[in-house]
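final_12.txt follows (compact mmCIF, C-alpha atoms and all ligand atoms):
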# COMPACT_ATOMS: atom_id res chain seq x y z
CA MET A 1161 0.00 0.00 0.00
CA ASN A 1162 1.32 3.42 -0.93
CA ILE A 1163 1.43 5.88 1.92
CA LYS A 1164 0.35 9.36 0.82
CA VAL A 1165 2.26 12.42 1.98
CA LEU A 1166 1.09 15.96 1.20
CA ILE A 1167 3.54 18.88 1.45
CA THR A 1168 2.32 22.46 1.78
CA GLY A 1169 4.63 25.40 1.01
CA ALA A 1170 6.26 23.33 -1.74
CA ASN A 1171 8.15 26.27 -3.25
CA GLY A 1172 10.01 27.16 -0.06
CA GLN A 1173 13.48 26.06 1.00
CA LEU A 1174 12.22 23.06 2.95
CA GLY A 1175 9.54 22.12 0.42
CA ARG A 1176 12.06 22.06 -2.41
CA SER A 1177 14.60 20.21 -0.29
CA ILE A 1178 12.04 17.48 0.40
CA LYS A 1179 11.25 17.25 -3.31
CA LYS A 1180 14.96 16.83 -4.04
CA ILE A 1181 15.22 13.60 -2.00
CA ILE A 1182 11.93 11.77 -2.65
CA GLU A 1183 13.61 9.15 -4.85
CA ASP A 1184 15.15 7.78 -1.66
CA PHE A 1185 11.65 7.14 -0.30
CA SER A 1186 9.99 5.24 -3.15
CA ASP A 1187 7.42 3.57 -0.89
CA LEU A 1188 5.90 6.97 -0.14
CA GLN A 1189 3.64 8.80 -2.60
CA PHE A 1190 4.06 12.57 -2.60
CA MET A 1191 1.90 15.53 -3.50
CA PHE A 1192 3.59 18.93 -3.43
CA LEU A 1193 1.35 22.00 -3.27
CA THR A 1194 2.57 25.58 -3.64
CA SER A 1195 0.92 28.56 -1.97
CA GLU A 1196 -1.05 29.21 -5.18
CA GLN A 1197 -2.34 25.63 -5.28
CA CYS A 1198 -3.05 25.41 -1.57
CA ASP A 1199 -3.41 28.45 0.67
CA ILE A 1200 -3.40 27.10 4.21
CA THR A 1201 -5.26 30.19 5.46
CA ASP A 1202 -8.31 29.28 3.36
CA GLY A 1203 -10.01 26.74 5.63
CA ASP A 1204 -12.75 25.60 3.20
CA LYS A 1205 -10.43 25.08 0.24
CA PHE A 1206 -7.85 23.42 2.45
CA ARG A 1207 -10.41 20.95 3.84
CA LYS A 1208 -11.52 20.11 0.28
CA ILE A 1209 -7.92 19.42 -0.76
CA ILE A 1210 -7.45 17.08 2.20
CA GLU A 1211 -10.77 15.32 1.47
CA ASP A 1212 -9.86 14.86 -2.21
CA TYR A 1213 -6.28 13.69 -1.76
CA ASN A 1214 -6.81 11.94 1.58
CA PRO A 1215 -3.17 12.00 2.72
CA ASP A 1216 -1.89 9.80 5.52
CA TYR A 1217 0.65 12.46 6.50
CA LEU A 1218 0.94 16.19 6.00
CA ILE A 1219 4.22 18.09 6.16
CA ASN A 1220 3.53 21.75 6.78
CA ALA A 1221 6.47 23.56 5.17
CA ALA A 1222 4.31 26.65 4.56
CA ALA A 1223 5.10 29.70 6.64
CA TYR A 1224 5.35 33.48 6.70
CA THR A 1225 9.14 33.72 7.15
CA ALA A 1226 9.84 37.43 6.54
CA VAL A 1227 10.81 38.04 10.18
CA ASP A 1228 11.26 41.82 9.89
CA GLN A 1229 8.26 42.44 7.62
CA ALA A 1230 6.13 40.55 10.14
CA GLU A 1231 6.58 43.45 12.58
CA SER A 1232 4.51 45.70 10.30
CA ASN A 1233 2.36 42.92 8.86
CA GLU A 1234 1.15 41.09 11.95
CA GLU A 1235 -2.16 40.10 10.40
CA ASP A 1236 -0.58 38.08 7.58
CA ALA A 1237 2.10 36.52 9.80
CA MET A 1238 -0.49 35.42 12.34
CA ALA A 1239 -2.85 34.15 9.63
CA VAL A 1240 -0.23 31.83 8.13
CA ASN A 1241 1.93 30.86 11.12
CA ALA A 1242 -0.72 30.75 13.82
CA TYR A 1243 -4.41 30.61 12.81
CA ALA A 1244 -3.92 28.41 9.71
CA LEU A 1245 -2.81 25.65 12.08
CA GLN A 1246 -6.46 25.38 13.11
CA ASN A 1247 -7.36 24.62 9.47
CA ILE A 1248 -4.58 22.03 9.29
CA GLY A 1249 -5.44 20.42 12.62
CA ARG A 1250 -9.16 20.23 11.80
CA ALA A 1251 -8.75 18.90 8.26
CA MET A 1252 -6.14 16.36 9.41
CA ALA A 1253 -8.13 15.18 12.47
CA GLY A 1254 -7.24 11.56 13.21
CA LYS A 1255 -4.27 11.76 10.83
CA LYS A 1256 -0.65 12.83 11.24
CA CYS A 1257 1.10 16.12 10.63
CA ILE A 1258 4.73 17.19 10.89
CA HIS A 1259 4.94 20.92 11.45
CA ILE A 1260 8.03 23.11 11.53
CA SER A 1261 8.58 25.76 14.16
CA SER A 1262 11.47 28.00 15.15
CA ASP A 1263 14.23 28.36 17.74
CA TYR A 1264 12.91 31.95 18.10
CA VAL A 1265 10.11 30.67 20.37
CA TYR A 1266 12.63 30.19 23.22
CA HIS A 1267 14.50 33.54 23.39
CA LEU A 1268 15.84 32.84 26.88
CA ASP A 1269 18.77 34.36 28.67
CA LYS A 1270 20.78 31.11 28.56
CA ASP A 1271 24.10 29.91 27.32
CA VAL A 1272 23.29 26.20 27.39
CA PRO A 1273 21.52 24.53 24.44
CA TYR A 1274 17.74 24.76 24.66
CA THR A 1275 15.86 21.59 25.52
CA GLU A 1276 12.26 21.16 24.44
CA ASP A 1277 10.90 21.42 27.98
CA MET A 1278 12.30 24.90 28.60
CA PRO A 1279 9.70 27.68 28.94
CA LEU A 1280 8.93 29.72 25.83
CA ASN A 1281 9.54 33.44 25.64
CA ALA A 1282 8.76 34.40 22.04
CA GLN A 1283 9.65 38.03 21.24
CA GLY A 1284 8.35 39.83 18.18
CA VAL A 1285 5.53 39.05 15.79
CA TYR A 1286 7.16 36.19 13.86
CA ALA A 1287 8.29 34.37 17.01
CA ARG A 1288 4.92 34.82 18.70
CA SER A 1289 3.07 33.66 15.58
CA LYS A 1290 5.17 30.46 15.52
CA ALA A 1291 4.58 29.84 19.25
CA ILE A 1292 0.82 30.38 18.90
CA GLY A 1293 0.75 28.09 15.84
CA GLU A 1294 2.36 25.31 17.88
CA SER A 1295 -0.20 25.54 20.66
CA ILE A 1296 -3.15 25.76 18.25
CA LEU A 1297 -2.01 22.60 16.46
CA GLN A 1298 -1.43 20.80 19.75
CA ARG A 1299 -5.03 21.47 20.79
CA THR A 1300 -6.52 19.88 17.66
CA SER A 1301 -7.21 16.17 17.27
CA CYS A 1302 -4.54 15.73 14.63
CA ASP A 1303 -1.47 13.76 15.81
CA SER A 1304 1.48 16.07 15.41
CA ILE A 1305 5.22 16.24 15.58
CA ILE A 1306 6.51 19.80 15.89
CA ILE A 1307 10.14 20.31 14.94
CA ARG A 1308 11.80 23.53 16.09
CA THR A 1309 14.73 24.50 13.91
CA GLY A 1310 16.86 27.55 13.19
CA TRP A 1311 19.20 29.25 10.71
CA LEU A 1312 17.83 27.22 7.78
CA TYR A 1313 19.73 27.35 4.50
CA SER A 1314 19.68 25.45 1.24
CA GLU A 1315 20.55 25.85 -2.41
CA PHE A 1316 16.98 27.18 -2.90
CA GLY A 1317 15.37 30.55 -2.25
CA ASN A 1318 16.96 33.24 -0.12
CA ASN A 1319 19.15 32.61 2.87
CA PHE A 1320 22.28 33.89 4.63
CA LEU A 1321 24.60 31.53 2.75
CA LYS A 1322 23.41 32.73 -0.65
CA THR A 1323 23.53 36.36 0.49
CA MET A 1324 27.19 35.96 1.55
CA LEU A 1325 28.10 34.33 -1.76
CA HIS A 1326 26.38 37.15 -3.62
CA LEU A 1327 28.10 39.83 -1.51
CA SER A 1328 31.48 38.24 -2.24
CA GLU A 1329 30.83 39.04 -5.91
CA THR A 1330 29.58 42.58 -5.37
CA ARG A 1331 31.39 43.98 -2.29
CA ASN A 1332 34.91 44.14 -0.87
CA GLU A 1333 33.99 44.59 2.78
CA ILE A 1334 30.97 43.93 5.00
CA ASN A 1335 30.03 43.97 8.71
CA VAL A 1336 28.42 40.95 10.35
CA VAL A 1337 27.19 40.59 13.94
CA ASP A 1338 29.20 38.33 16.23
CA ASP A 1339 27.02 38.27 19.36
CA GLN A 1340 24.13 36.10 18.16
CA TRP A 1341 24.73 32.38 18.51
CA GLY A 1342 23.08 29.40 16.87
CA CYS A 1343 23.70 26.61 14.42
CA PRO A 1344 23.15 26.67 10.63
CA THR A 1345 20.76 23.92 9.54
CA TYR A 1346 20.87 22.42 6.05
CA ALA A 1347 17.29 22.02 4.82
CA THR A 1348 18.23 18.76 3.07
CA ASP A 1349 19.27 17.25 6.42
CA LEU A 1350 15.98 18.36 7.97
CA ALA A 1351 14.09 16.97 4.97
CA TYR A 1352 15.76 13.56 5.46
CA VAL A 1353 14.78 13.45 9.12
CA ILE A 1354 11.16 14.31 8.34
CA LEU A 1355 10.86 11.64 5.65
CA HIS A 1356 12.74 9.14 7.83
CA ILE A 1357 10.18 9.65 10.61
CA ILE A 1358 7.28 9.18 8.19
CA HIS A 1359 8.90 6.15 6.55
CA GLU A 1360 9.55 4.46 9.91
CA ASP A 1361 6.11 5.39 11.24
CA SER A 1362 4.39 3.98 8.15
CA LYS A 1363 6.15 0.66 8.89
CA ASN A 1364 4.90 0.88 12.49
CA LYS A 1365 8.46 1.30 13.73
CA VAL A 1366 7.71 4.57 15.52
CA SER A 1367 5.89 4.40 18.82
CA LEU A 1368 2.62 6.28 19.12
CA LYS A 1369 4.27 7.89 22.14
CA SER A 1370 6.62 9.74 19.78
CA TRP A 1371 3.67 11.72 18.39
CA ASN A 1372 2.16 14.83 19.94
CA LYS A 1373 5.58 15.97 21.03
CA VAL A 1374 8.00 18.77 20.21
CA TYR A 1375 11.54 18.10 18.99
CA ASN A 1376 14.51 20.35 18.30
CA TYR A 1377 16.51 19.85 15.13
CA SER A 1378 19.58 21.65 13.85
CA ASN A 1379 22.92 20.54 12.57
CA ILE A 1380 25.55 19.91 15.24
CA GLY A 1381 27.77 22.70 16.56
CA VAL A 1382 27.61 26.30 17.71
CA THR A 1383 28.65 29.42 15.85
CA ASN A 1384 27.76 33.10 15.44
CA TRP A 1385 26.82 34.97 12.25
CA TYR A 1386 30.32 36.45 11.87
CA GLU A 1387 32.08 33.08 12.16
CA TYR A 1388 29.46 31.55 9.88
CA ALA A 1389 30.07 34.25 7.24
CA CYS A 1390 33.85 33.78 7.44
CA THR A 1391 33.45 30.00 7.09
CA ILE A 1392 31.24 30.42 4.00
CA ILE A 1393 33.72 32.73 2.28
CA LYS A 1394 36.67 30.46 3.12
CA MET A 1395 34.92 27.25 2.02
CA ALA A 1396 33.76 28.85 -1.23
CA GLY A 1397 37.28 30.07 -1.98
CA LYS A 1398 36.05 33.68 -2.26
CA SER A 1399 37.55 36.84 -0.87
CA LEU A 1400 35.61 39.34 1.22
CA LEU A 1401 36.73 41.36 4.22
CA ILE A 1402 34.28 40.68 7.08
CA ASN A 1403 34.30 42.85 10.20
CA PRO A 1404 32.67 41.57 13.41
CA ILE A 1405 30.20 44.04 14.95
CA PRO A 1406 27.81 43.92 17.92
CA SER A 1407 24.12 43.64 17.04
CA VAL A 1408 23.41 47.09 18.60
CA LEU A 1409 25.20 48.51 15.55
CA TYR A 1410 22.89 46.59 13.19
CA PRO A 1411 19.33 47.40 14.34
CA MET A 1412 16.56 45.43 12.68
CA PRO A 1413 12.75 45.80 13.04
CA ALA A 1414 12.49 42.39 14.76
CA THR A 1415 14.62 41.54 17.80
CA ARG A 1416 16.78 38.47 17.23
CA PRO A 1417 17.46 36.11 20.10
CA PRO A 1418 21.15 36.38 21.08
CA TRP A 1419 21.14 32.64 21.83
CA GLY A 1420 19.49 30.08 19.53
CA VAL A 1421 21.41 26.87 20.16
CA LEU A 1422 19.22 23.77 20.20
CA ASP A 1423 19.83 20.56 22.14
CA THR A 1424 19.04 17.78 19.65
CA THR A 1425 19.42 14.80 22.03
CA LYS A 1426 15.69 14.02 22.05
CA ILE A 1427 15.17 13.71 18.28
CA LYS A 1428 18.41 11.72 17.91
CA SER A 1429 17.49 9.15 20.52
CA GLU A 1430 13.76 8.92 19.73
CA PHE A 1431 14.27 8.28 16.00
CA SER A 1432 17.78 6.75 16.05
CA ILE A 1433 19.26 9.33 13.71
CA GLU A 1434 22.69 10.80 13.35
CA ILE A 1435 23.00 14.52 12.65
CA PRO A 1436 25.86 15.93 10.57
CA ALA A 1437 28.15 18.65 11.93
CA TRP A 1438 27.16 22.03 10.48
CA LYS A 1439 30.43 22.51 8.58
CA VAL A 1440 30.10 19.11 6.88
CA SER A 1441 26.65 19.96 5.51
CA LEU A 1442 27.63 23.54 4.67
CA GLU A 1443 30.45 22.26 2.50
CA LYS A 1444 28.01 20.01 0.59
CA CYS A 1445 25.61 22.88 -0.08
CA ILE A 1446 28.37 25.27 -1.13
CA ASP A 1447 29.70 22.60 -3.47
CA ILE A 1448 26.26 22.35 -5.13
CA LEU A 1449 25.96 26.15 -5.38
CA ILE A 1450 29.34 26.94 -6.87
CA ASN A 1451 29.87 23.89 -9.12
N1 LIG A 1501 14.42 30.05 7.18
C1 LIG A 1501 14.86 29.93 8.43
O1 LIG A 1501 15.99 30.36 8.80
C2 LIG A 1501 14.01 29.23 9.45
C3 LIG A 1501 14.46 29.16 10.77
C4 LIG A 1501 13.68 28.51 11.71
C5 LIG A 1501 12.49 27.94 11.35
N2 LIG A 1501 12.04 28.04 10.07
C6 LIG A 1501 10.76 27.42 9.74
O2 LIG A 1501 11.02 26.38 8.81
C7 LIG A 1501 9.91 26.23 7.94
C8 LIG A 1501 10.39 26.23 6.51
O3 LIG A 1501 11.05 27.46 6.27
P1 LIG A 1501 11.63 27.85 4.83
O4 LIG A 1501 12.92 28.55 5.07
O5 LIG A 1501 11.55 26.65 3.93
O6 LIG A 1501 10.54 28.92 4.42
P2 LIG A 1501 10.38 29.64 2.99
O7 LIG A 1501 11.51 29.31 2.11
O8 LIG A 1501 10.07 31.06 3.26
O9 LIG A 1501 9.09 28.92 2.39
C9 LIG A 1501 7.82 29.10 2.96
C10 LIG A 1501 6.82 28.73 1.90
O10 LIG A 1501 5.52 28.89 2.47
C11 LIG A 1501 4.68 29.40 1.46
N3 LIG A 1501 3.53 30.09 2.01
C12 LIG A 1501 3.45 31.32 2.54
N4 LIG A 1501 2.17 31.60 2.88
C13 LIG A 1501 1.44 30.50 2.56
C14 LIG A 1501 0.07 30.18 2.66
N5 LIG A 1501 -0.83 31.04 3.14
N6 LIG A 1501 -0.33 28.96 2.22
C15 LIG A 1501 0.55 28.08 1.71
N7 LIG A 1501 1.85 28.33 1.56
C16 LIG A 1501 2.30 29.53 2.01
C17 LIG A 1501 5.56 30.36 0.67
O11 LIG A 1501 4.95 30.54 -0.59
P3 LIG A 1501 5.54 31.52 -1.72
O12 LIG A 1501 6.59 30.68 -2.38
O13 LIG A 1501 4.38 31.80 -2.57
O14 LIG A 1501 6.09 32.69 -0.97
C18 LIG A 1501 6.87 29.60 0.65
O15 LIG A 1501 6.99 28.80 -0.51
C19 LIG A 1501 8.95 27.37 8.30
O16 LIG A 1501 7.97 26.88 9.18
C20 LIG A 1501 9.81 28.37 9.03
O17 LIG A 1501 9.07 29.15 9.95
C21 LIG A 1501 12.79 28.66 9.11
When written as structure tokens, how does the structure in this file appear?
Ligand SMILES: NC(=O)c1ccc[n+]([C@@H]2O[C@H](COP(=O)([O-])OP(=O)(O)OC[C@H]3O[C@@H](n4cnc5c(N)ncnc54)[C@H](OP(=O)(O)O)[C@@H]3O)[C@@H](O)[C@H]2O)c1
Amino acid sequence: MNIKVLITGANGQLGRSIKKIIEDFSDLQFMFLTSEQCDITDGDKFRKIIEDYNPDYLINAAAYTAVDQAESNEEDAMAVNAYALQNIGRAMAGKKCIHISSDYVYHLDKDVPYTEDMPLNAQGVYARSKAIGESILQRTSCDSIIIRTGWLYSEFGNNFLKTMLHLSETRNEINVVDDQWGCPTYATDLAYVILHIIHEDSKNKVSLKSWNKVYNYSNIGVTNWYEYACTIIKMAGKSLLINPIPSVLYPMPATRPPWGVLDTTKIKSEFSIEIPAWKVSLEKCIDILIN
């Protein structure tokens, strides 16, 4: 029997990264829907799509990810990242959904990696919309796995890695903040974990107890944006002078958490996965981008 998996937000970094690897999961049948084909904020149309396709699993890769724009566009950010989770949870009642959230929901004054049981302290519209979305989904009767991730990059769309590569072609010198810490996460690695969970679950190898839980996922390691930028330029064999600056000298509409390091012990042990070090995956993505 073919297990059906529906992916929303198919044109985003994660959506396209999932599409890239589906040949490795030939026992799963995929349907990818872009925002034009499936607007998750439209409850009636969304329910109809779920009724017609009848997926066993839904991966919600759709999101409003313009963190700074969200500050002046709260309505849209909340509609997509928070209230649309009601549509998803209702339409997928009795079925399973993997939903992606953000390290921004923690925003704690810590210097140890966040574990999933730490209290949330979302700051700013984007972070709050992601935190509200989590709790809305958790209150529906859809079985969910919520994966909190951060600093996502890929060969697709816009991200920090691609910006740095572009700047190395157009500028001689840039400033990058060195007091915000986290770990870059390759969307392909995240895509593999998501499909691994679904594959194992469809073979009844995942305990029901693993559902309705929150997991952190990032690549392994800790860095800051300045070190990350320097590593990109070095790995790509480019030249660009990068000056470290404190984030007070680079004000943005949305406050960034100074600490966004995720403890990934829970997802590793629950699903028996290994997670690559961030530099290993970064090298792979840079290789794809520049060759
Ligand atoms: N990027 C990061 O650094 C980061 C960090 C932590 C967590 N996350 C989370 O990881 C997940 C994937 O992020 P990403 O980087 O892949 O995001 P992305 O590249 O911005 O893709 C998001 C996709 O969602 C689609 N979308 C927006 N509104 C929609 C709607 N109403 N209905 C259906 N689709 C809609 C967008 O459509 P269009 O193509 O039409 O715009 C886009 O294709 C998101 O939940 C995000 O919050 C991302």
Counting all atoms listed in the file, the option among A:Asn1451, A:Ser1262, A:Thr1383, A:Thr1201 closest to A:Arg1308: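 Among A:Asn1451, A:Ser1262, A:Thr1383, A:Thr1201, it is A:Ser1262 that comes nearest to A:Arg1308.
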List all protein, DNA and RNA residues that have an atom no more than 7 Å from any atom of ligand LIG 1501 (chain A), counting only C-alpha atoms and all ligand atoms, and report them as a PyMOL selection string. chain A and resi 1168-1175+1194-1196+1198-1201+1221-1225+1240+1260-1263+1290+1308-1313+1317+1319
Quick one: write out the picked residues with C-alpha atoms as a compact mmCIF listing (two decimals), in the frame of the given file?
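Full text of again.txt as output:
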# COMPACT_ATOMS: atom_id res chain seq x y z
CA THR A 1168 2.32 22.46 1.78
CA GLY A 1169 4.63 25.40 1.01
CA ALA A 1170 6.26 23.33 -1.74
CA ASN A 1171 8.15 26.27 -3.25
CA GLY A 1172 10.01 27.16 -0.06
CA GLN A 1173 13.48 26.06 1.00
CA LEU A 1174 12.22 23.06 2.95
CA GLY A 1175 9.54 22.12 0.42
CA THR A 1194 2.57 25.58 -3.64
CA SER A 1195 0.92 28.56 -1.97
CA GLU A 1196 -1.05 29.21 -5.18
CA CYS A 1198 -3.05 25.41 -1.57
CA ASP A 1199 -3.41 28.45 0.67
CA ILE A 1200 -3.40 27.10 4.21
CA THR A 1201 -5.26 30.19 5.46
CA ALA A 1221 6.47 23.56 5.17
CA ALA A 1222 4.31 26.65 4.56
CA ALA A 1223 5.10 29.70 6.64
CA TYR A 1224 5.35 33.48 6.70
CA THR A 1225 9.14 33.72 7.15
CA VAL A 1240 -0.23 31.83 8.13
CA ILE A 1260 8.03 23.11 11.53
CA SER A 1261 8.58 25.76 14.16
CA SER A 1262 11.47 28.00 15.15
CA ASP A 1263 14.23 28.36 17.74
CA LYS A 1290 5.17 30.46 15.52
CA ARG A 1308 11.80 23.53 16.09
CA THR A 1309 14.73 24.50 13.91
CA GLY A 1310 16.86 27.55 13.19
CA TRP A 1311 19.20 29.25 10.71
CA LEU A 1312 17.83 27.22 7.78
CA TYR A 1313 19.73 27.35 4.50
CA GLY A 1317 15.37 30.55 -2.25
CA ASN A 1319 19.15 32.61 2.87
Restrict the calculation to all atoms listed in the file, then for each residue of stretch 1331-1364 of chain A with any atom at most 10 Å from an atom of stretch 1406-1425 of chain A give the closest atom pair and their distance in Å to one decimal, rows by chain and rising residue number, as a tab-separated table.
residue	atom	partner	partner_atom	distance
A:Asn1335	CA	A:Tyr1410	CA	8.8
A:Val1336	CA	A:Pro1406	CA	8.2
A:Val1337	CA	A:Pro1406	CA	5.2
A:Asp1338	CA	A:Pro1406	CA	6.0
A:Asp1339	CA	A:Pro1406	CA	5.9
A:Gln1340	CA	A:Pro1418	CA	4.2
A:Trp1341	CA	A:Trp1419	CA	4.9
A:Gly1342	CA	A:Val1421	CA	4.5
A:Cys1343	CA	A:Val1421	CA	6.2
A:Pro1344	CA	A:Val1421	CA	9.7
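In this model, the gap between atom CA of A:Ile1380 and atom CA of A:Glu1434 comes to 9.7 Å.
What separates atom CA of A:Gly1254 from atom CA of A:Asp1216 is a distance of 9.5 Å.
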With 8 Å as the threshold, what does the neighbourhood of (34.2, 27.4, -1.8) contain in terms of residues, counting only C-alpha atoms? Coordinates are those of the file; answer as a PyMOL selection string. chain A and resi 1392-1398+1443+1446-1447+1450
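Near A:Lys1369, within a cut-off of 12 Å and counting only C-alpha atoms, sit the residues Asp1303, Ser1304, Ile1305, Asp1361, Asn1364, Val1374, Glu1430 and Phe1431 of chain A, with same-chain residues fewer than 5 positions away left out.
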Give the answer as one residue: which of A:Glu1315, A:Glu1360, A:Glu1235, A:Glu1333 has the shortest atom-to-atom distance to A:Thr1348, using only C-alpha atoms?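 When distances to A:Thr1348 are compared using only C-alpha atoms, the smallest one comes from A:Glu1315.
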Residue nearest A:Gly1203 - candidates A:Val1272, A:Val1227, A:Met1191, A:Leu1245, atoms counted: only C-alpha atoms: A:Leu1245
Restricting the calculation to all atoms listed in the file, which member of A:Tyr1243, A:Tyr1388, A:Tyr1213, A:Phe1185 is positioned closest to A:Ile1296?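 Closest to A:Ile1296, using all atoms listed in the file: A:Tyr1243.
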Measuring between all atoms listed in the file, which one of A:Ser1328, A:Ser1362, A:Ser1429, A:Thr1391 shows the shortest distance to A:Asn1376? A:Ser1429
